[in-house]
Structures are given as structure tokens and as C-alpha cells.
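Have a look at run.tsv; it's TSV, C-alpha atoms:
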```tsv
chain	number	residue	atom	x	y	z
A	20	MET	CA	296.13	94.17	182.18
A	21	THR	CA	292.85	93.25	183.85
A	22	PRO	CA	293.14	93.66	187.63
A	23	ASN	CA	291.98	90.99	190.05
A	24	LEU	CA	289.96	93.25	192.32
A	25	GLN	CA	290.26	91.13	195.46
A	26	ILE	CA	294.00	90.72	195.16
A	27	GLU	CA	294.46	94.44	194.49
A	28	LEU	CA	292.34	95.40	197.50
A	29	ARG	CA	294.02	92.88	199.81
A	30	ARG	CA	297.34	94.60	199.12
A	31	PHE	CA	296.22	97.47	201.34
A	32	ILE	CA	295.68	95.29	204.43
A	33	SER	CA	299.19	95.23	205.87
A	34	SER	CA	300.15	94.16	209.38
A	35	ASN	CA	300.45	97.86	210.21
A	36	VAL	CA	296.81	98.47	209.22
A	37	VAL	CA	295.64	95.44	211.22
A	38	SER	CA	297.60	96.61	214.26
A	39	LYS	CA	296.09	100.10	214.07
A	40	LEU	CA	292.56	98.78	213.61
A	41	ASN	CA	292.99	96.52	216.60
A	42	LYS	CA	293.64	99.54	218.81
A	43	PHE	CA	289.92	100.17	218.34
A	44	TYR	CA	288.56	96.60	218.39
A	45	PHE	CA	290.87	94.26	220.33
A	46	GLU	CA	290.20	91.24	218.13
A	47	ASN	CA	292.43	88.33	217.22
A	48	ASP	CA	294.55	89.51	214.26
A	49	ALA	CA	293.72	86.48	212.12
A	50	LEU	CA	289.98	86.91	212.71
A	51	LEU	CA	290.18	90.62	211.94
A	52	ILE	CA	291.95	89.87	208.65
A	53	LYS	CA	289.35	87.24	207.80
A	54	GLY	CA	286.59	89.73	208.64
A	55	ILE	CA	288.07	92.35	206.32
A	56	ASP	CA	288.51	89.78	203.55
A	57	VAL	CA	284.88	88.67	203.91
A	58	SER	CA	283.77	92.31	203.99
A	59	ILE	CA	285.67	93.18	200.81
A	60	GLY	CA	284.07	90.22	199.02
A	61	THR	CA	280.66	91.24	200.36
A	62	ILE	CA	281.08	94.80	199.07
A	63	LEU	CA	282.17	93.54	195.64
A	64	MET	CA	279.11	91.30	195.40
A	65	GLY	CA	276.94	94.19	196.56
A	66	LEU	CA	278.30	96.14	193.60
A	67	TYR	CA	277.69	93.14	191.34
A	68	ASN	CA	274.03	93.14	192.38
A	69	LYS	CA	273.73	96.82	191.37
A	70	ALA	CA	275.18	96.31	187.88
A	71	GLU	CA	271.83	96.73	186.13
A	72	GLU	CA	271.01	100.03	187.86
A	73	SER	CA	271.84	102.81	185.45
A	74	ASP	CA	274.68	105.09	186.59
A	75	PHE	CA	274.85	103.44	190.04
A	76	TYR	CA	278.61	102.91	189.87
A	77	SER	CA	279.28	106.50	188.87
A	78	GLU	CA	276.95	107.78	191.58
A	79	ILE	CA	278.40	105.74	194.43
A	80	VAL	CA	281.96	106.61	193.43
A	81	SER	CA	281.02	110.29	193.44
A	82	MET	CA	280.10	109.89	197.13
A	83	VAL	CA	283.85	109.69	197.87
A	84	PRO	CA	285.33	113.08	196.90
A	85	GLU	CA	289.06	113.66	196.74
A	86	SER	CA	288.65	115.76	199.90
A	87	SER	CA	287.46	112.68	201.82
A	88	THR	CA	289.64	112.10	204.88
A	89	PHE	CA	289.94	108.40	204.15
A	90	TYR	CA	290.75	108.95	200.46
A	91	GLN	CA	293.60	111.27	201.35
A	92	GLU	CA	295.05	108.69	203.74
A	93	VAL	CA	295.54	106.05	201.02
A	94	ASP	CA	298.61	105.80	198.81
A	95	PHE	CA	297.02	104.01	195.88
A	96	THR	CA	300.23	103.77	193.86
A	97	ALA	CA	302.12	101.99	196.62
A	98	GLY	CA	299.08	100.00	197.83
A	99	ARG	CA	299.35	101.41	201.36
A	100	ILE	CA	296.98	102.99	203.85
A	101	LEU	CA	299.03	105.70	205.50
A	102	SER	CA	296.86	106.34	208.55
A	103	VAL	CA	293.96	104.60	210.26
A	104	ASP	CA	291.56	106.70	212.30
A	105	ASP	CA	287.81	106.68	212.86
A	106	CYS	CA	286.90	108.74	209.78
A	107	TYR	CA	285.39	105.69	208.10
A	108	HIS	CA	282.55	105.39	210.65
A	109	LEU	CA	280.34	107.96	208.91
A	110	GLU	CA	281.90	107.95	205.45
A	111	GLY	CA	281.55	104.19	205.06
A	112	ASN	CA	278.07	103.93	206.55
A	113	ALA	CA	276.56	106.10	203.80
A	114	LEU	CA	278.06	103.80	201.16
A	115	LEU	CA	276.67	100.68	202.86
A	116	LYS	CA	273.19	102.20	202.88
A	117	GLU	CA	273.42	102.74	199.13
A	118	LEU	CA	274.68	99.21	198.52
A	119	PHE	CA	272.52	97.18	200.86
A	120	SER	CA	269.72	99.48	202.18
A	121	ASN	CA	267.65	97.48	204.68
A	122	LYS	CA	269.94	94.41	204.48
A	123	LYS	CA	272.90	96.29	205.99
A	124	GLY	CA	272.19	95.25	209.59
A	125	ARG	CA	271.62	91.59	208.71
A	126	ILE	CA	274.85	91.45	206.71
A	127	SER	CA	276.78	93.03	209.56
A	128	GLU	CA	275.44	90.50	212.07
A	129	MET	CA	276.19	87.64	209.69
A	130	VAL	CA	279.81	88.82	209.31
A	131	SER	CA	280.03	88.85	213.11
A	132	ASN	CA	278.54	85.35	213.45
A	133	GLU	CA	280.36	83.69	210.55
A	134	VAL	CA	283.81	85.15	211.29
A	135	GLY	CA	283.62	85.10	215.09
A	136	ILE	CA	284.16	88.79	215.84
A	137	LYS	CA	282.15	91.28	217.88
A	138	SER	CA	279.09	92.91	216.30
A	139	GLU	CA	280.62	96.36	216.66
A	140	THR	CA	283.80	95.21	214.93
A	141	ALA	CA	281.81	93.69	212.06
A	142	ARG	CA	279.89	96.94	211.54
A	143	GLU	CA	283.01	99.04	211.48
A	144	ILE	CA	285.13	96.82	209.23
A	145	LEU	CA	282.23	96.78	206.76
A	146	ASN	CA	282.36	100.60	206.82
A	147	PHE	CA	286.13	100.45	206.41
A	148	SER	CA	285.94	97.92	203.56
A	149	ALA	CA	283.22	99.85	201.74
A	150	LEU	CA	285.37	102.99	201.82
A	151	LEU	CA	288.44	101.07	200.67
A	152	VAL	CA	286.64	99.46	197.71
A	153	ILE	CA	284.87	102.62	196.56
A	154	SER	CA	287.98	104.77	197.09
A	155	TYR	CA	289.97	102.31	194.99
A	156	LEU	CA	287.38	102.66	192.21
A	157	ARG	CA	287.38	106.44	192.66
A	158	TYR	CA	291.13	106.45	192.06
A	159	ASN	CA	290.80	104.03	189.12
A	160	LEU	CA	287.83	105.63	187.39
A	161	GLN	CA	288.68	103.90	184.12
A	162	LEU	CA	287.47	100.64	185.72
A	163	ILE	CA	283.90	101.91	186.08
A	164	GLU	CA	283.02	101.27	182.43
A	165	SER	CA	284.18	97.66	182.60
A	166	LEU	CA	283.27	97.01	186.26
A	167	LYS	CA	280.19	94.94	185.45
A	168	LEU	CA	282.23	92.61	183.23
A	169	LEU	CA	285.08	92.46	185.76
A	170	LEU	CA	282.74	91.46	188.56
A	171	GLU	CA	281.01	88.90	186.35
A	172	ASP	CA	284.36	87.38	185.40
A	173	GLN	CA	285.60	87.28	189.02
A	174	LYS	CA	282.26	86.46	190.64
A	175	ARG	CA	282.94	82.84	191.56
A	176	GLU	CA	286.33	83.57	193.09
A	177	VAL	CA	284.81	86.37	195.18
A	178	LEU	CA	281.91	84.17	196.28
A	179	ASN	CA	284.42	81.57	197.48
A	180	SER	CA	285.62	84.12	200.05
A	181	ILE	CA	282.12	84.75	201.46
A	182	PRO	CA	280.49	82.45	204.06
A	183	PRO	CA	277.21	80.75	203.06
A	184	GLY	CA	274.96	82.88	205.28
A	185	ILE	CA	276.13	86.12	203.69
A	186	LYS	CA	275.82	84.68	200.19
A	187	ILE	CA	272.19	83.83	200.87
A	188	ILE	CA	271.41	87.35	202.14
A	189	LEU	CA	273.00	88.73	198.96
A	190	GLY	CA	270.77	86.49	196.86
A	191	PHE	CA	273.25	83.79	195.85
A	192	SER	CA	273.05	80.07	196.44
A	193	SER	CA	275.24	78.88	199.31
A	194	TYR	CA	276.67	76.35	196.84
A	195	GLU	CA	277.47	78.92	194.15
A	196	THR	CA	281.23	78.44	194.33
A	197	VAL	CA	283.97	76.59	192.50
A	198	GLU	CA	286.69	74.91	194.53
A	199	ASP	CA	290.12	74.35	193.09
A	200	LYS	CA	290.99	70.73	193.87
A	201	ASN	CA	294.61	71.67	194.45
A	202	GLN	CA	293.73	74.52	196.79
A	203	SER	CA	293.53	73.93	200.49
A	204	ILE	CA	290.34	75.31	202.03
A	205	GLY	CA	292.33	76.48	205.00
A	206	ARG	CA	294.59	78.92	203.19
A	207	SER	CA	297.11	80.50	205.48
A	208	ILE	CA	297.19	84.21	206.16
A	209	PHE	CA	300.53	84.31	204.39
A	210	THR	CA	299.08	82.88	201.19
A	211	LEU	CA	295.94	84.97	201.45
A	212	PHE	CA	297.67	88.29	201.70
A	213	GLY	CA	301.10	87.52	200.31
A	214	HIS	CA	304.31	89.03	201.58
A	215	ASN	CA	302.66	92.46	201.95
A	216	PHE	CA	301.01	91.35	205.19
A	217	PHE	CA	304.30	91.82	206.99
A	218	SER	CA	305.35	94.99	205.20
A	219	PHE	CA	305.17	98.34	206.94
```

For the structure just supplied, provide its representation as C-alpha cells.
Amino acid sequence: MTPNLQIELRRFISSNVVSKLNKFYFENDALLIKGIDVSIGTILMGLYNKAEESDFYSEIVSMVPESSTFYQEVDFTAGRILSVDDCYHLEGNALLKELFSNKKGRISEMVSNEVGIKSETAREILNFSALLVISYLRYNLQLIESLKLLLEDQKREVLNSIPPGIKIILGFSSYETVEDKNQSIGRSIFTLFGHNFFSF
């Protein structure tokens, strides 16, 4: 079965994870969740933009070894992050440099501005999200061969989760989205993350 990458990655963002992250950042929980959601979408579109670079996916995944502190703190089978500490500061930053190079700072500031969180928080949740996405791919290496097609197929849905300013920095039109007429633009947190948001 073809996985929906965003849905699979959102499974890991439980209320417990949000609570632990907020010990570092002191943000509104709803804004922090939105920031992580935007960051995950941004990372996925960063990967989409690298699809034509030979061996890029294999190379970036190899930057997260099994000995990585973050990798060892994730239970991929259960969709849970077991511990949240500051290991992702350095581990995630290296991944962002590979994905976005000189655009990294602009993207971080745009996440801060568009979501309404502090600049420091935006930088760190981008690091966190980059590690989560790449670690997920590291665990599911079989997805690497079909990742380009997966991202192409899910591109519009992912773009719908990214604010216009970030889309433009990533090279997409701010109008490059498809809205479901039956879908409310203001999806609730409960709908966005499902029942797992309140699981511990």
C-alpha cells in the first residue's frame, strides 16, 4: 500500500511530543503543531526539488546512521517518539543545509512569520522536522526508489499545507494548490492529527 507521507509523519506528533518540545520553546500548543506541520511539508517539498539530483536521496538518508541519537529515540513501528531532547539541533541542521543551502535562513524566518512563532522556535522545529522525515525514510529504505513518484503524486496535498511565502521561496507558485470544496480551510487540530494527538 502506498503511504501518504504527511499522514504517516503526523502520526509521530502526539500531545506528549508537543508538551516536551514546549519545555524548550514556550509556544502556544496549536501554533507549535501548525509550525511542525508546515515544516514537515516544507521538508517534503525540499526533497521534491532534489529529485533530479542523482543519488541525493540515498546520500541524505545516509547522513542519519542507526547510531543517531534521534533515530534511536523513535519507535517507527508504533509511530511514537519515545524521548525529546536537544539532539536534533546539530543533527537536523546538517540536513537542512543539504536540502536548502543558502535558503535555509529565509525559510526559517518565513515559518516564524507565517505561523506566528518565535524565530528560534522556527529554526529548531525545522531541524526537528528534517530529522523526523529523513529518519522515517532511513527506516523505510524501500521508499527511496519510489520517492520521486510518491512526492509527485502527493505534491498538491503537501503544498496545501505550506503558506504562500514558503512556497515562493521553494520555487512554487503561491496559487499552486487544489482545494477540496467540501474541506474547511480551518481544519481543527483533531482532524489534522487524528486521535493520535491525544495518545501518550

Around all the atoms of segment 108-127 of chain A listed in the file, with 3 Å of room on each side, what axis-aligned box do you get, giving centre and edge lengths in Å to one decimal, as lines of an AutoDock Vina configuration file?
```
center_x = 275.1
center_y = 99.7
center_z = 204.6
size_x = 20.9
size_y = 22.5
size_z = 18.1
```

Q: Find, counting only C-alpha atoms, the residue in A:Arg157, A:Lys167, A:Arg99, A:Lys116 that gets nearest to Ser77 of chain A.
A: A:Arg157

Q: Just the residues within 12 Å of Lys69 of chain A, please, counting all atoms listed in the file, with nothing from its chain fewer than 5 positions along; format it as a ChimeraX atom specification.
A: /A:62-64,74-79,117-120,166-167,170-171,189

Around (282.5, 82.6, 200.3) in the file's frame, which residues reach within 12 Å when counting all atoms listed in the file? Return as a PDB file with C-alpha atoms, keeping the file's coordinate frame?
```pdb
ATOM      1  CA  LYS A  53     289.350  87.240 207.800  1.00  0.00           C
ATOM      2  CA  GLY A  54     286.590  89.730 208.640  1.00  0.00           C
ATOM      3  CA  ASP A  56     288.510  89.780 203.550  1.00  0.00           C
ATOM      4  CA  VAL A  57     284.880  88.670 203.910  1.00  0.00           C
ATOM      5  CA  SER A  58     283.770  92.310 203.990  1.00  0.00           C
ATOM      6  CA  ILE A  59     285.670  93.180 200.810  1.00  0.00           C
ATOM      7  CA  GLY A  60     284.070  90.220 199.020  1.00  0.00           C
ATOM      8  CA  THR A  61     280.660  91.240 200.360  1.00  0.00           C
ATOM      9  CA  LEU A  63     282.170  93.540 195.640  1.00  0.00           C
ATOM     10  CA  MET A  64     279.110  91.300 195.400  1.00  0.00           C
ATOM     11  CA  VAL A 130     279.810  88.820 209.310  1.00  0.00           C
ATOM     12  CA  GLU A 133     280.360  83.690 210.550  1.00  0.00           C
ATOM     13  CA  VAL A 134     283.810  85.150 211.290  1.00  0.00           C
ATOM     14  CA  LYS A 174     282.260  86.460 190.640  1.00  0.00           C
ATOM     15  CA  ARG A 175     282.940  82.840 191.560  1.00  0.00           C
ATOM     16  CA  GLU A 176     286.330  83.570 193.090  1.00  0.00           C
ATOM     17  CA  VAL A 177     284.810  86.370 195.180  1.00  0.00           C
ATOM     18  CA  LEU A 178     281.910  84.170 196.280  1.00  0.00           C
ATOM     19  CA  ASN A 179     284.420  81.570 197.480  1.00  0.00           C
ATOM     20  CA  SER A 180     285.620  84.120 200.050  1.00  0.00           C
ATOM     21  CA  ILE A 181     282.120  84.750 201.460  1.00  0.00           C
ATOM     22  CA  PRO A 182     280.490  82.450 204.060  1.00  0.00           C
ATOM     23  CA  PRO A 183     277.210  80.750 203.060  1.00  0.00           C
ATOM     24  CA  GLY A 184     274.960  82.880 205.280  1.00  0.00           C
ATOM     25  CA  ILE A 185     276.130  86.120 203.690  1.00  0.00           C
ATOM     26  CA  LYS A 186     275.820  84.680 200.190  1.00  0.00           C
ATOM     27  CA  ILE A 187     272.190  83.830 200.870  1.00  0.00           C
ATOM     28  CA  LEU A 189     273.000  88.730 198.960  1.00  0.00           C
ATOM     29  CA  PHE A 191     273.250  83.790 195.850  1.00  0.00           C
ATOM     30  CA  SER A 192     273.050  80.070 196.440  1.00  0.00           C
ATOM     31  CA  SER A 193     275.240  78.880 199.310  1.00  0.00           C
ATOM     32  CA  TYR A 194     276.670  76.350 196.840  1.00  0.00           C
ATOM     33  CA  GLU A 195     277.470  78.920 194.150  1.00  0.00           C
ATOM     34  CA  THR A 196     281.230  78.440 194.330  1.00  0.00           C
ATOM     35  CA  VAL A 197     283.970  76.590 192.500  1.00  0.00           C
ATOM     36  CA  GLU A 198     286.690  74.910 194.530  1.00  0.00           C
ATOM     37  CA  ILE A 204     290.340  75.310 202.030  1.00  0.00           C
TER      38      ILE A 204
END
```

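Proximity to Val36 of chain A at 8 Å, evaluated using only C-alpha atoms and with sequence-adjacent residues fewer than 6 positions away removed, yields Ile100, Ser102 and Val103 of chain A.
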
Q | Between atom CA of Lys39 of chain A and atom CA of Ser138 of chain A, distance in Å (one decimal) | A | 18.6 Å

Q) Quick one: distance from atom CA of Thr21 of chain A to atom CA of Leu151 of chain A in Å, one decimal? A) 19.1 Å

Q.
Is it possible to get the residues within 8 Å of (289.3, 94.9, 195.6) (coordinates as in the file, counting all atoms listed in the file) written as a ChimeraX atom specification?
A. /A:23-29,59-60,63,152,155

Could you take the residues named above and write them with C-alpha atoms, as an mmCIF file, keeping the file's coordinate frame?
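Result saved to part03.cif:
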```cif
data_model
loop_
_atom_site.group_PDB
_atom_site.id
_atom_site.type_symbol
_atom_site.label_atom_id
_atom_site.label_comp_id
_atom_site.auth_asym_id
_atom_site.auth_seq_id
_atom_site.Cartn_x
_atom_site.Cartn_y
_atom_site.Cartn_z
ATOM 1 C CA ASN A 23 291.980 90.990 190.050
ATOM 2 C CA LEU A 24 289.960 93.250 192.320
ATOM 3 C CA GLN A 25 290.260 91.130 195.460
ATOM 4 C CA ILE A 26 294.000 90.720 195.160
ATOM 5 C CA GLU A 27 294.460 94.440 194.490
ATOM 6 C CA LEU A 28 292.340 95.400 197.500
ATOM 7 C CA ARG A 29 294.020 92.880 199.810
ATOM 8 C CA ILE A 59 285.670 93.180 200.810
ATOM 9 C CA GLY A 60 284.070 90.220 199.020
ATOM 10 C CA LEU A 63 282.170 93.540 195.640
ATOM 11 C CA VAL A 152 286.640 99.460 197.710
ATOM 12 C CA TYR A 155 289.970 102.310 194.990
#
```

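Atom to atom, atom CA of Met82 of chain A and atom CA of Asn132 of chain A stand 29.5 Å apart.
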
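Of the listed residues (A:Asp104, A:Glu164, A:Glu92, A:Glu128), A:Glu128 comes nearest to Thr140 of chain A; the distances count only C-alpha atoms.
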
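Among the candidates A:Ser127, A:Ser148, A:Cys106, A:Gly111, the one nearest to Ile32 of chain A when counting only C-alpha atoms is A:Ser148.
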
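In terms of minimum interatomic distance to Leu50 of chain A, A:Ser131 ranks closest within A:Ser131, A:Asn35, A:Ser73, A:Asn159, counting only C-alpha atoms.
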
(Q) as a PyMOL selection string, please: the residues near Tyr158 of chain A (cut-off 9 Å, all atoms listed in the file, same-chain neighbours under 2 positions excluded). (A) chain A and resi 85+90+95+153-156+160-161

May I have the residues from that selection written out with C-alpha atoms, as a compact mmCIF listing (two decimals), in the frame of the given file?
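Now in result15.txt:
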```txt
# COMPACT_ATOMS: atom_id res chain seq x y z
CA GLU A 85 289.06 113.66 196.74
CA TYR A 90 290.75 108.95 200.46
CA PHE A 95 297.02 104.01 195.88
CA ILE A 153 284.87 102.62 196.56
CA SER A 154 287.98 104.77 197.09
CA TYR A 155 289.97 102.31 194.99
CA LEU A 156 287.38 102.66 192.21
CA LEU A 160 287.83 105.63 187.39
CA GLN A 161 288.68 103.90 184.12
```
